[in-house]
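Visitor: I am attaching a structure below and will ask some questions about it afterwards.
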2 protein chains.
Amino acid sequence: MTQLWFTEKQTADLKLSLRVKETIYREKSPFQQIDVVDTYQFGRVLLLDGIVQTTTVDEFVYHEMISHVALNSHANPQSVAVVGGGDGGTVREVLKHESVQQVRLIEIDGAVVEASKRFLPEISCGLDDPRAKVRIEDGIKHMAQAKEEYDVVIVDSTDPVGAAVGLFSQEFYRSVHNALKSDGILVTLAESPWTEPEAIRRVQGALRGVFPIVKLYLCNVPTYPNGLWSFSIASKVYDPTRPIRQELPFATRYYTPAIHEAAFTLPPFVQEIIAGIGK
Amino acid sequence: MTQLWFTEKQTADLKLSLRVKETIYREKSPFQQIDVVDTYQFGRVLLLDGIVQTTTVDEFVYHEMISHVALNSHANPQSVAVVGGGDGGTVREVLKHESVQQVRLIEIDGAVVEASKRFLPEISCGLDDPRAKVRIEDGIKHMAQAKEEYDVVIVDSTDPVGAAVGLFSQEFYRSVHNALKSDGILVTLAESPWTEPEAIRRVQGALRGVFPIVKLYLCNVPTYPNGLWSFSIASKVYDPTRPIRQELPFATRYYTPAIHEAAFTLPPFVQEIIAGIGK
């Protein structure tokens with residue numbers, strides 16, 4: 001049988017290839033190339049400018065870990081913002097917390113939201129919840145105007161290149177600090193320790209100039225470079241390494257309170273990346 | 001510049017490609033095709049029958065995690081056997097424990113040892129230590145004849161296909177049980193939870209028929225499928241989830257006693273793979 005393969009050049013020297021059943025959707029939005037392809041091993045895959053954003057098989061890892069660590073470090077998360085995250089997977093996870101009264105999705109590209117609603121229903125389903133409010137808007141502008149509105153802000157963007165660069169700047173983190181309530185928490189994706197140590201260091205450095213508590217945690221996402229992904233989390237009051245609720249009233253496939261704590265246990269080669277920042 | 005790429009078909013539907021500087025060594029031994037290639041991202045890579053065994057950039061993860069978890073779960077490991085492991089990386093890590101008086105490497109293919117000594121000196125260096133004894137011998141036959149000789153046995157073989165299948169059988173595990181002293185520990189590689197859950201389940205099931213204490217732990221190896229690798233560890237007496245020594249008198253880049261404990265914290269999707277075995 002004819003074999004079709006999608007290949008992502010994850011770095012100049014590393015490629016990951018997934019065997020493709022068929023292309024589902026292809027569109028050029030004003031912001032980026034959007035593709036949804038169906039693969040044998042990872043199910044449907046959302047690609048933005050040819051980069052894997054999420055897959056129906058492994059998406060639970062990323063979406064659980066970007067959401068529950070922050071929400072389960074906060075005593076009473078009610079108001080949450082997701083910047084980016086147009087596929088809706090993060091919103092779906094945030095809504096599992098009963099304390100949450102509203103989650104605002106601030107996505108710059110409405111075409112990503114529409115494509116996900118049509119072709120990735122198991123990921124985008126949370127966007128139909130009455131507590132979810134979708135705004136097609138620039139997250140940088142939104143945060144610059146928000147004041148003490150949010151308990152948790154989640155930056156679920158593309159990689160820090162092109163349009164997303166501003167979401168990794170200290171100026172943006174200052175805006176988020178102001179947009180958060182007095183006990184608020186910010187979490188942002190922070191690349192792979194193996195291939196992007198400098199990106200991790202930059203984000204940690206920028207956050208430490210703004211927030212009193214800044215930590216790094218890890219998880220395994222098979223379709224991201226090297227299978228090891230990191231998040232940076234910044235907090236005004238709460239210690240994000242300690243889960244507040246030891247049992248959660250909903251099912252998860254990767255996150256647990258025990259995984260929450262384990263995820264902050266860094267191997268020395270990762271500790272070294274963030275050692276000495278701001279000293 | 002002309003680009004050369006090595007591609008491993010990790011599964012029927014997943015490929016990993018590394019950009020190659022040059023081939024260093026190519027040989028067909030009586031057992032397998034042996035290649036050493038130099039890559040841009042992962043340094044020198046040892047390939048057996050076209051499958052990545054180890055790379056000079058990420059080898060520390062696998063070799064530290066296959067060695068130190070078992071050795072730091074044992075009160076006084078003196079006599080250690082490594083089955084397979086012809087590259088020498090596991091022996092190098094085992095020898096970091098001062099209590100170890102002898103580590104016997106039982107490798108079926110002497111050509112792997114020779115290639116590693118010549119072309120991967122930073123991995124094979126431990127083989128020159130006077131406490132290291134290399135035997136070119138079938139590990140299955142060796143263990144069938146050994147009686148209460150070892151404190152720790154480490155199975156550091158190729159994947160459970162072809163010649164290595166016997167190293168994943170219950171019969172072999174019974175031999176190792178007999179070859180271990182009364183407080184001995186066995187650790188074996190156990191594939192990726194994402195793509196080989198049945199292999200993990202088989203190994204765990206076979207071990208549970210022989211040893212009273214059997215656990216699974218995880219680590220991130222970028223060049224193995226999905227970046228998530230597992231080990232099964234079986235123990236007669238000691239709880240392998242609890243490191244005995246909280247500080248180690250040698251440097252590591254992945255393993256720490258805290259990582260030791262965290263590695264046994266399994267996400268629910270991995271817990272499910274080994275749930276209900278032997279009930």
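Here's how to read the names in the structure tokens: chain A, B, ... by the order shown, residue numbers from 1 in each chain, ligand numbers from 1 in the order shown.
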Pull out every residue of chain A sitting within 8 Å of chain B, counting only C-alpha atoms, and send them as a PyMOL selection string.
Guide: chain A and resi 13-19+40-41+220-223+225-228+252-256+258-259+262-263+265-269
Visitor: Export, as a PDB file, in the first residue's frame, the selected residues with C-alpha atoms.
Guide:
ATOM      1  CA  ASP A  13      19.282  17.754  12.983  1.00  0.00           C
ATOM      2  CA  LEU A  14      16.242  15.799  14.234  1.00  0.00           C
ATOM      3  CA  LYS A  15      13.092  14.702  12.427  1.00  0.00           C
ATOM      4  CA  LEU A  16       9.980  12.904  13.620  1.00  0.00           C
ATOM      5  CA  SER A  17       7.779  11.201  11.039  1.00  0.00           C
ATOM      6  CA  LEU A  18       4.232   9.937  11.487  1.00  0.00           C
ATOM      7  CA  ARG A  19       2.537   7.650   8.968  1.00  0.00           C
ATOM      8  CA  TYR A  40      -1.941   5.644  12.289  1.00  0.00           C
ATOM      9  CA  GLN A  41      -0.158   6.006  15.597  1.00  0.00           C
ATOM     10  CA  ASN A 220       6.612  13.302  28.562  1.00  0.00           C
ATOM     11  CA  VAL A 221       4.917  14.285  25.287  1.00  0.00           C
ATOM     12  CA  PRO A 222       5.923  11.774  22.571  1.00  0.00           C
ATOM     13  CA  THR A 223       5.226  14.103  19.640  1.00  0.00           C
ATOM     14  CA  PRO A 225      11.031  17.139  20.531  1.00  0.00           C
ATOM     15  CA  ASN A 226      12.885  14.500  22.551  1.00  0.00           C
ATOM     16  CA  GLY A 227       9.699  13.436  24.307  1.00  0.00           C
ATOM     17  CA  LEU A 228      10.495  15.724  27.240  1.00  0.00           C
ATOM     18  CA  THR A 252      -7.147  11.886  34.460  1.00  0.00           C
ATOM     19  CA  ARG A 253      -4.726   9.784  32.432  1.00  0.00           C
ATOM     20  CA  TYR A 254      -1.411  11.490  33.225  1.00  0.00           C
ATOM     21  CA  TYR A 255      -1.864  14.016  36.049  1.00  0.00           C
ATOM     22  CA  THR A 256      -2.269  12.915  39.623  1.00  0.00           C
ATOM     23  CA  ALA A 258       1.664  12.368  43.062  1.00  0.00           C
ATOM     24  CA  ILE A 259       2.710  13.119  39.464  1.00  0.00           C
ATOM     25  CA  ALA A 262       7.199  14.170  40.891  1.00  0.00           C
ATOM     26  CA  ALA A 263       7.114  16.528  37.885  1.00  0.00           C
ATOM     27  CA  THR A 265      11.825  16.641  40.655  1.00  0.00           C
ATOM     28  CA  LEU A 266      14.396  17.668  38.077  1.00  0.00           C
ATOM     29  CA  PRO A 267      17.349  15.601  36.850  1.00  0.00           C
ATOM     30  CA  PRO A 268      20.672  17.389  37.426  1.00  0.00           C
ATOM     31  CA  PHE A 269      21.075  18.131  33.694  1.00  0.00           C
TER      32      PHE A 269
END
Visitor: Report as a list in words all protein, DNA and RNA residues lying within 12 Å of B:Leu248, evaluated on only C-alpha atoms, omitting residues in the same chain fewer than 6 positions from it.
Guide: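 Using only C-alpha atoms, the neighbours found are His68, Val69, Leu71, Asn72, Lys96, His97, Glu98, Tyr255, Thr256, Pro257 and Ala258 of chain B.
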Visitor: Take the residues from that selection and write them out as a compact mmCIF listing (two decimals), in the first residue's frame, keeping N, CA and C atoms.
Guide:
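result-v4.txt was written with the following content:
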# COMPACT_ATOMS: atom_id res chain seq x y z
N HIS B 68 21.61 2.70 38.93
CA HIS B 68 21.60 3.24 40.29
C HIS B 68 20.31 2.95 41.05
N VAL B 69 19.20 2.78 40.36
CA VAL B 69 17.96 2.46 41.09
C VAL B 69 18.14 1.13 41.82
N LEU B 71 21.07 -0.52 42.46
CA LEU B 71 22.19 -0.54 43.41
C LEU B 71 21.89 0.29 44.65
N ASN B 72 21.09 1.35 44.49
CA ASN B 72 20.76 2.17 45.66
C ASN B 72 19.49 1.67 46.37
N LYS B 96 30.71 2.99 39.94
CA LYS B 96 30.72 4.20 40.76
C LYS B 96 30.39 3.89 42.22
N HIS B 97 29.77 2.73 42.46
CA HIS B 97 29.43 2.34 43.84
C HIS B 97 30.63 1.65 44.46
N GLU B 98 31.16 2.25 45.52
CA GLU B 98 32.41 1.74 46.11
C GLU B 98 32.25 0.35 46.71
N TYR B 255 20.07 10.62 37.34
CA TYR B 255 19.67 9.97 38.59
C TYR B 255 20.01 10.82 39.80
N THR B 256 19.07 10.91 40.70
CA THR B 256 19.31 11.37 42.07
C THR B 256 18.39 10.52 42.94
N PRO B 257 18.61 10.47 44.24
CA PRO B 257 17.64 9.75 45.08
C PRO B 257 16.22 10.29 44.94
N ALA B 258 16.07 11.59 44.71
CA ALA B 258 14.72 12.15 44.51
C ALA B 258 14.12 11.67 43.18
Visitor: Just the number, please: Cα RMSD of chain B on chain A after least-squares superposition over all C-alpha atoms matched in order.
Guide: 0.0 Å
Visitor: Atom CA of B:Lys133 to atom CA of B:Leu105: how many Å, to one decimal?
Guide: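 That distance, rounded to one decimal, is 6.1 Å.
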Visitor: What's around stretch 230-238 of chain A at 10 Å? Count only C-alpha atoms, leave out sequence neighbours fewer than 6 positions away in its own chain, and write the answer as a ChimeraX atom specification.
Guide: /A:62,65-66,69-70,73-75,152-155,173,177,180-193,200-201,203-204,207-208,210-221,244,263-264,270
Visitor: Could you give me, as a VMD selection string, the residues within 10 Å of stretch 115-118 of chain B, counting only C-alpha atoms and dropping anything in the same chain fewer than 2 positions from it?
Guide: chain B and resid 25 to 27 34 to 36 46 86 to 89 110 to 113 120 to 128
Visitor: Restricting the output to N, CA and C atoms, write the selected residues as a compact mmCIF listing (two decimals), in the first residue's frame.
Guide:
# COMPACT_ATOMS: atom_id res chain seq x y z
N TYR B 25 31.99 3.32 11.71
CA TYR B 25 32.33 1.89 11.73
C TYR B 25 31.14 1.09 11.27
N ARG B 26 31.37 0.09 10.45
CA ARG B 26 30.29 -0.78 9.98
C ARG B 26 30.82 -2.21 9.96
N GLU B 27 30.10 -3.13 10.59
CA GLU B 27 30.57 -4.51 10.67
C GLU B 27 29.38 -5.45 10.78
N ILE B 34 26.47 -4.21 13.14
CA ILE B 34 26.93 -3.22 14.11
C ILE B 34 27.36 -1.97 13.35
N ASP B 35 26.78 -0.83 13.69
CA ASP B 35 27.20 0.44 13.09
C ASP B 35 27.44 1.47 14.17
N VAL B 36 28.45 2.26 13.98
CA VAL B 36 28.65 3.47 14.79
C VAL B 36 28.63 4.64 13.82
N LEU B 46 25.48 4.16 18.61
CA LEU B 46 25.67 2.72 18.38
C LEU B 46 24.36 2.13 17.89
N GLY B 86 27.09 -4.60 26.13
CA GLY B 86 28.44 -4.66 25.59
C GLY B 86 29.09 -3.31 25.37
N ASP B 87 28.30 -2.25 25.33
CA ASP B 87 28.89 -0.91 25.17
C ASP B 87 29.63 -0.46 26.42
N GLY B 88 29.31 -1.07 27.56
CA GLY B 88 30.06 -0.78 28.79
C GLY B 88 29.49 0.33 29.65
N GLY B 89 28.46 1.03 29.18
CA GLY B 89 27.93 2.16 29.94
C GLY B 89 27.35 1.76 31.29
N GLY B 110 31.03 -10.46 21.21
CA GLY B 110 32.29 -9.78 21.51
C GLY B 110 32.57 -8.61 20.59
N ALA B 111 31.99 -8.63 19.40
CA ALA B 111 32.24 -7.54 18.44
C ALA B 111 31.64 -6.22 18.94
N VAL B 112 30.56 -6.29 19.73
CA VAL B 112 29.98 -5.06 20.29
C VAL B 112 30.95 -4.46 21.31
N VAL B 113 31.54 -5.31 22.13
CA VAL B 113 32.51 -4.83 23.12
C VAL B 113 33.70 -4.18 22.41
N LEU B 120 33.64 4.24 21.19
CA LEU B 120 32.81 4.91 22.20
C LEU B 120 33.53 4.89 23.54
N PRO B 121 34.75 5.46 23.59
CA PRO B 121 35.56 5.33 24.82
C PRO B 121 34.90 5.94 26.05
N GLU B 122 34.11 7.02 25.87
CA GLU B 122 33.51 7.64 27.05
C GLU B 122 32.41 6.76 27.64
N ILE B 123 31.91 5.80 26.84
CA ILE B 123 30.89 4.87 27.35
C ILE B 123 31.56 3.59 27.86
N SER B 124 32.54 3.10 27.13
CA SER B 124 33.12 1.78 27.43
C SER B 124 34.23 1.83 28.47
N CYS B 125 34.59 3.03 28.94
CA CYS B 125 35.79 3.19 29.78
C CYS B 125 35.81 2.27 30.99
N GLY B 126 34.61 1.99 31.55
CA GLY B 126 34.56 1.16 32.75
C GLY B 126 35.06 -0.25 32.53
N LEU B 127 35.07 -0.71 31.31
CA LEU B 127 35.47 -2.10 31.03
C LEU B 127 36.95 -2.34 31.32
N ASP B 128 37.72 -1.27 31.41
CA ASP B 128 39.15 -1.41 31.71
C ASP B 128 39.42 -1.46 33.21
Visitor: Using only C-alpha atoms, pick whichever of B:Lys28, B:Arg44, B:Arg202, B:His142 has the shortest atom-to-atom distance to B:Val82.
Guide: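 Closest to B:Val82 of all the choices is B:His142.
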Visitor: Give the strand (DSSP E or B) residues of stretch 2-233 of chain B, as DSSP finds them on the backbone, and put them as number ranges by chain.
Guide: B: 4-11, 14-28, 33-39, 43-48, 51-55, 79-84, 102-107, 132-136, 150-156, 180-189, 213-219, 229-233
Visitor: Write a file of the selected residues as a PDB file, in the first residue's frame, keeping C-alpha atoms.
Guide:
ATOM      1  CA  LEU B   4      22.858  12.561   5.345  1.00  0.00           C
ATOM      2  CA  TRP B   5      20.174  11.175   7.626  1.00  0.00           C
ATOM      3  CA  PHE B   6      19.847   7.964   9.597  1.00  0.00           C
ATOM      4  CA  THR B   7      16.232   6.910  10.032  1.00  0.00           C
ATOM      5  CA  GLU B   8      14.940   4.331  12.483  1.00  0.00           C
ATOM      6  CA  LYS B   9      11.460   2.965  11.958  1.00  0.00           C
ATOM      7  CA  GLN B  10      10.636   2.814  15.661  1.00  0.00           C
ATOM      8  CA  THR B  11       7.246   1.306  14.903  1.00  0.00           C
ATOM      9  CA  LEU B  14       6.708   6.196  13.589  1.00  0.00           C
ATOM     10  CA  LYS B  15      10.184   7.176  12.434  1.00  0.00           C
ATOM     11  CA  LEU B  16      12.994   9.104  14.113  1.00  0.00           C
ATOM     12  CA  SER B  17      15.717  10.603  11.944  1.00  0.00           C
ATOM     13  CA  LEU B  18      19.086  11.930  13.047  1.00  0.00           C
ATOM     14  CA  ARG B  19      21.300  14.020  10.782  1.00  0.00           C
ATOM     15  CA  VAL B  20      24.593  12.236  10.262  1.00  0.00           C
ATOM     16  CA  LYS B  21      28.083  13.708  10.037  1.00  0.00           C
ATOM     17  CA  GLU B  22      29.747  10.472   8.977  1.00  0.00           C
ATOM     18  CA  THR B  23      29.803   6.740   9.446  1.00  0.00           C
ATOM     19  CA  ILE B  24      32.517   5.677  11.847  1.00  0.00           C
ATOM     20  CA  TYR B  25      32.334   1.891  11.732  1.00  0.00           C
ATOM     21  CA  ARG B  26      30.290  -0.783   9.983  1.00  0.00           C
ATOM     22  CA  GLU B  27      30.566  -4.509  10.666  1.00  0.00           C
ATOM     23  CA  LYS B  28      28.490  -7.644  10.357  1.00  0.00           C
ATOM     24  CA  GLN B  33      24.881  -5.679  12.028  1.00  0.00           C
ATOM     25  CA  ILE B  34      26.927  -3.220  14.111  1.00  0.00           C
ATOM     26  CA  ASP B  35      27.197   0.438  13.086  1.00  0.00           C
ATOM     27  CA  VAL B  36      28.647   3.472  14.789  1.00  0.00           C
ATOM     28  CA  VAL B  37      27.646   6.772  13.177  1.00  0.00           C
ATOM     29  CA  ASP B  38      28.442  10.315  14.226  1.00  0.00           C
ATOM     30  CA  THR B  39      25.363  12.587  14.371  1.00  0.00           C
ATOM     31  CA  GLY B  43      26.985  12.583  18.995  1.00  0.00           C
ATOM     32  CA  ARG B  44      28.159   9.062  18.240  1.00  0.00           C
ATOM     33  CA  VAL B  45      25.356   6.510  17.999  1.00  0.00           C
ATOM     34  CA  LEU B  46      25.673   2.724  18.376  1.00  0.00           C
ATOM     35  CA  LEU B  47      23.226   0.870  16.126  1.00  0.00           C
ATOM     36  CA  LEU B  48      22.542  -2.856  16.310  1.00  0.00           C
ATOM     37  CA  ILE B  51      18.168   0.159  16.050  1.00  0.00           C
ATOM     38  CA  VAL B  52      19.610   2.918  18.252  1.00  0.00           C
ATOM     39  CA  GLN B  53      21.178   1.299  21.316  1.00  0.00           C
ATOM     40  CA  THR B  54      22.858   4.320  22.815  1.00  0.00           C
ATOM     41  CA  THR B  55      24.215   7.747  21.935  1.00  0.00           C
ATOM     42  CA  SER B  79      28.722  -8.656  43.217  1.00  0.00           C
ATOM     43  CA  VAL B  80      26.899  -7.467  40.089  1.00  0.00           C
ATOM     44  CA  ALA B  81      26.178  -9.062  36.699  1.00  0.00           C
ATOM     45  CA  VAL B  82      25.270  -7.151  33.551  1.00  0.00           C
ATOM     46  CA  VAL B  83      23.672  -9.314  30.846  1.00  0.00           C
ATOM     47  CA  GLY B  84      24.197  -7.699  27.446  1.00  0.00           C
ATOM     48  CA  GLN B 102      33.158  -7.210  40.958  1.00  0.00           C
ATOM     49  CA  VAL B 103      30.909  -6.544  37.983  1.00  0.00           C
ATOM     50  CA  ARG B 104      30.708  -9.303  35.410  1.00  0.00           C
ATOM     51  CA  LEU B 105      29.647  -8.310  31.899  1.00  0.00           C
ATOM     52  CA  ILE B 106      28.044 -11.266  30.119  1.00  0.00           C
ATOM     53  CA  GLU B 107      27.734 -10.243  26.470  1.00  0.00           C
ATOM     54  CA  ALA B 132      35.138  -5.401  35.604  1.00  0.00           C
ATOM     55  CA  LYS B 133      35.265  -8.911  34.134  1.00  0.00           C
ATOM     56  CA  VAL B 134      34.082  -9.321  30.558  1.00  0.00           C
ATOM     57  CA  ARG B 135      32.764 -12.711  29.481  1.00  0.00           C
ATOM     58  CA  ILE B 136      31.744 -13.318  25.896  1.00  0.00           C
ATOM     59  CA  TYR B 150      25.024 -11.939  42.658  1.00  0.00           C
ATOM     60  CA  ASP B 151      23.575  -9.088  44.668  1.00  0.00           C
ATOM     61  CA  VAL B 152      22.251  -7.350  41.562  1.00  0.00           C
ATOM     62  CA  VAL B 153      21.620  -8.638  38.026  1.00  0.00           C
ATOM     63  CA  ILE B 154      21.008  -6.068  35.283  1.00  0.00           C
ATOM     64  CA  VAL B 155      19.522  -7.136  31.945  1.00  0.00           C
ATOM     65  CA  ASP B 156      20.780  -4.534  29.478  1.00  0.00           C
ATOM     66  CA  LEU B 180      20.841 -13.953  43.072  1.00  0.00           C
ATOM     67  CA  LYS B 181      21.683 -14.030  46.763  1.00  0.00           C
ATOM     68  CA  SER B 182      18.867 -14.112  49.292  1.00  0.00           C
ATOM     69  CA  ASP B 183      18.407 -10.322  49.169  1.00  0.00           C
ATOM     70  CA  GLY B 184      19.150  -9.917  45.461  1.00  0.00           C
ATOM     71  CA  ILE B 185      17.603  -7.548  42.919  1.00  0.00           C
ATOM     72  CA  LEU B 186      16.996  -7.951  39.166  1.00  0.00           C
ATOM     73  CA  VAL B 187      16.382  -5.007  36.842  1.00  0.00           C
ATOM     74  CA  THR B 188      15.567  -5.273  33.149  1.00  0.00           C
ATOM     75  CA  LEU B 189      14.727  -2.848  30.376  1.00  0.00           C
ATOM     76  CA  ILE B 213       8.342  -7.588  44.909  1.00  0.00           C
ATOM     77  CA  VAL B 214       8.010  -6.309  41.318  1.00  0.00           C
ATOM     78  CA  LYS B 215       7.792  -2.636  40.290  1.00  0.00           C
ATOM     79  CA  LEU B 216       7.932  -0.493  37.150  1.00  0.00           C
ATOM     80  CA  TYR B 217       9.732   2.814  36.750  1.00  0.00           C
ATOM     81  CA  LEU B 218      10.156   5.375  33.983  1.00  0.00           C
ATOM     82  CA  CYS B 219      12.666   7.765  32.493  1.00  0.00           C
ATOM     83  CA  TRP B 229      11.315   4.289  28.576  1.00  0.00           C
ATOM     84  CA  SER B 230      10.463   1.806  31.317  1.00  0.00           C
ATOM     85  CA  PHE B 231      12.352  -0.643  33.481  1.00  0.00           C
ATOM     86  CA  SER B 232      10.987  -3.546  35.501  1.00  0.00           C
ATOM     87  CA  ILE B 233      12.682  -4.238  38.807  1.00  0.00           C
TER      88      ILE B 233
END
Visitor: Run DSSP on the backbone and grab whatever in stretch 16-260 of chain A lands in alpha helix (DSSP H); send it over as an NGL selection string.
Guide: :A and (59-71 or 89-94 or 110-119 or 121-124 or 139-145 or 170-179 or 197-208 or 257-260)
Visitor: Taking into account only C-alpha atoms, which residue in the set B:Asp159, B:Pro77, B:Thr90, B:Pro240 is nearest to B:Glu64?
Guide: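 The answer is B:Thr90, which sits nearest to B:Glu64.
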Visitor: Taking 5 positions as the minimum chain separation for residues in the same chain, which residues sit within 9 Å of A:Gly209 when counting only C-alpha atoms? Answer as a CSV table (one decimal) with C-alpha atoms, in the first residue's frame.
Guide:
chain,number,residue,atom,x,y,z
A,170,GLN,CA,9.1,40.1,30.5
A,174,ARG,CA,4.4,42.0,33.9
A,204,GLN,CA,12.7,31.5,33.9
A,278,GLY,CA,19.2,36.2,38.5
Visitor: Any idea what the distance is between atom CA of B:Ile140 and atom CA of B:Ala199?
Guide: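 That distance, rounded to one decimal, is 19.1 Å.
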Visitor: One decimal, in Å: what's the spacing between atom CA of A:Val176 and atom CA of A:Glu149?
Guide: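 Result for atom CA of A:Val176 versus atom CA of A:Glu149: 9.8 Å, one decimal.
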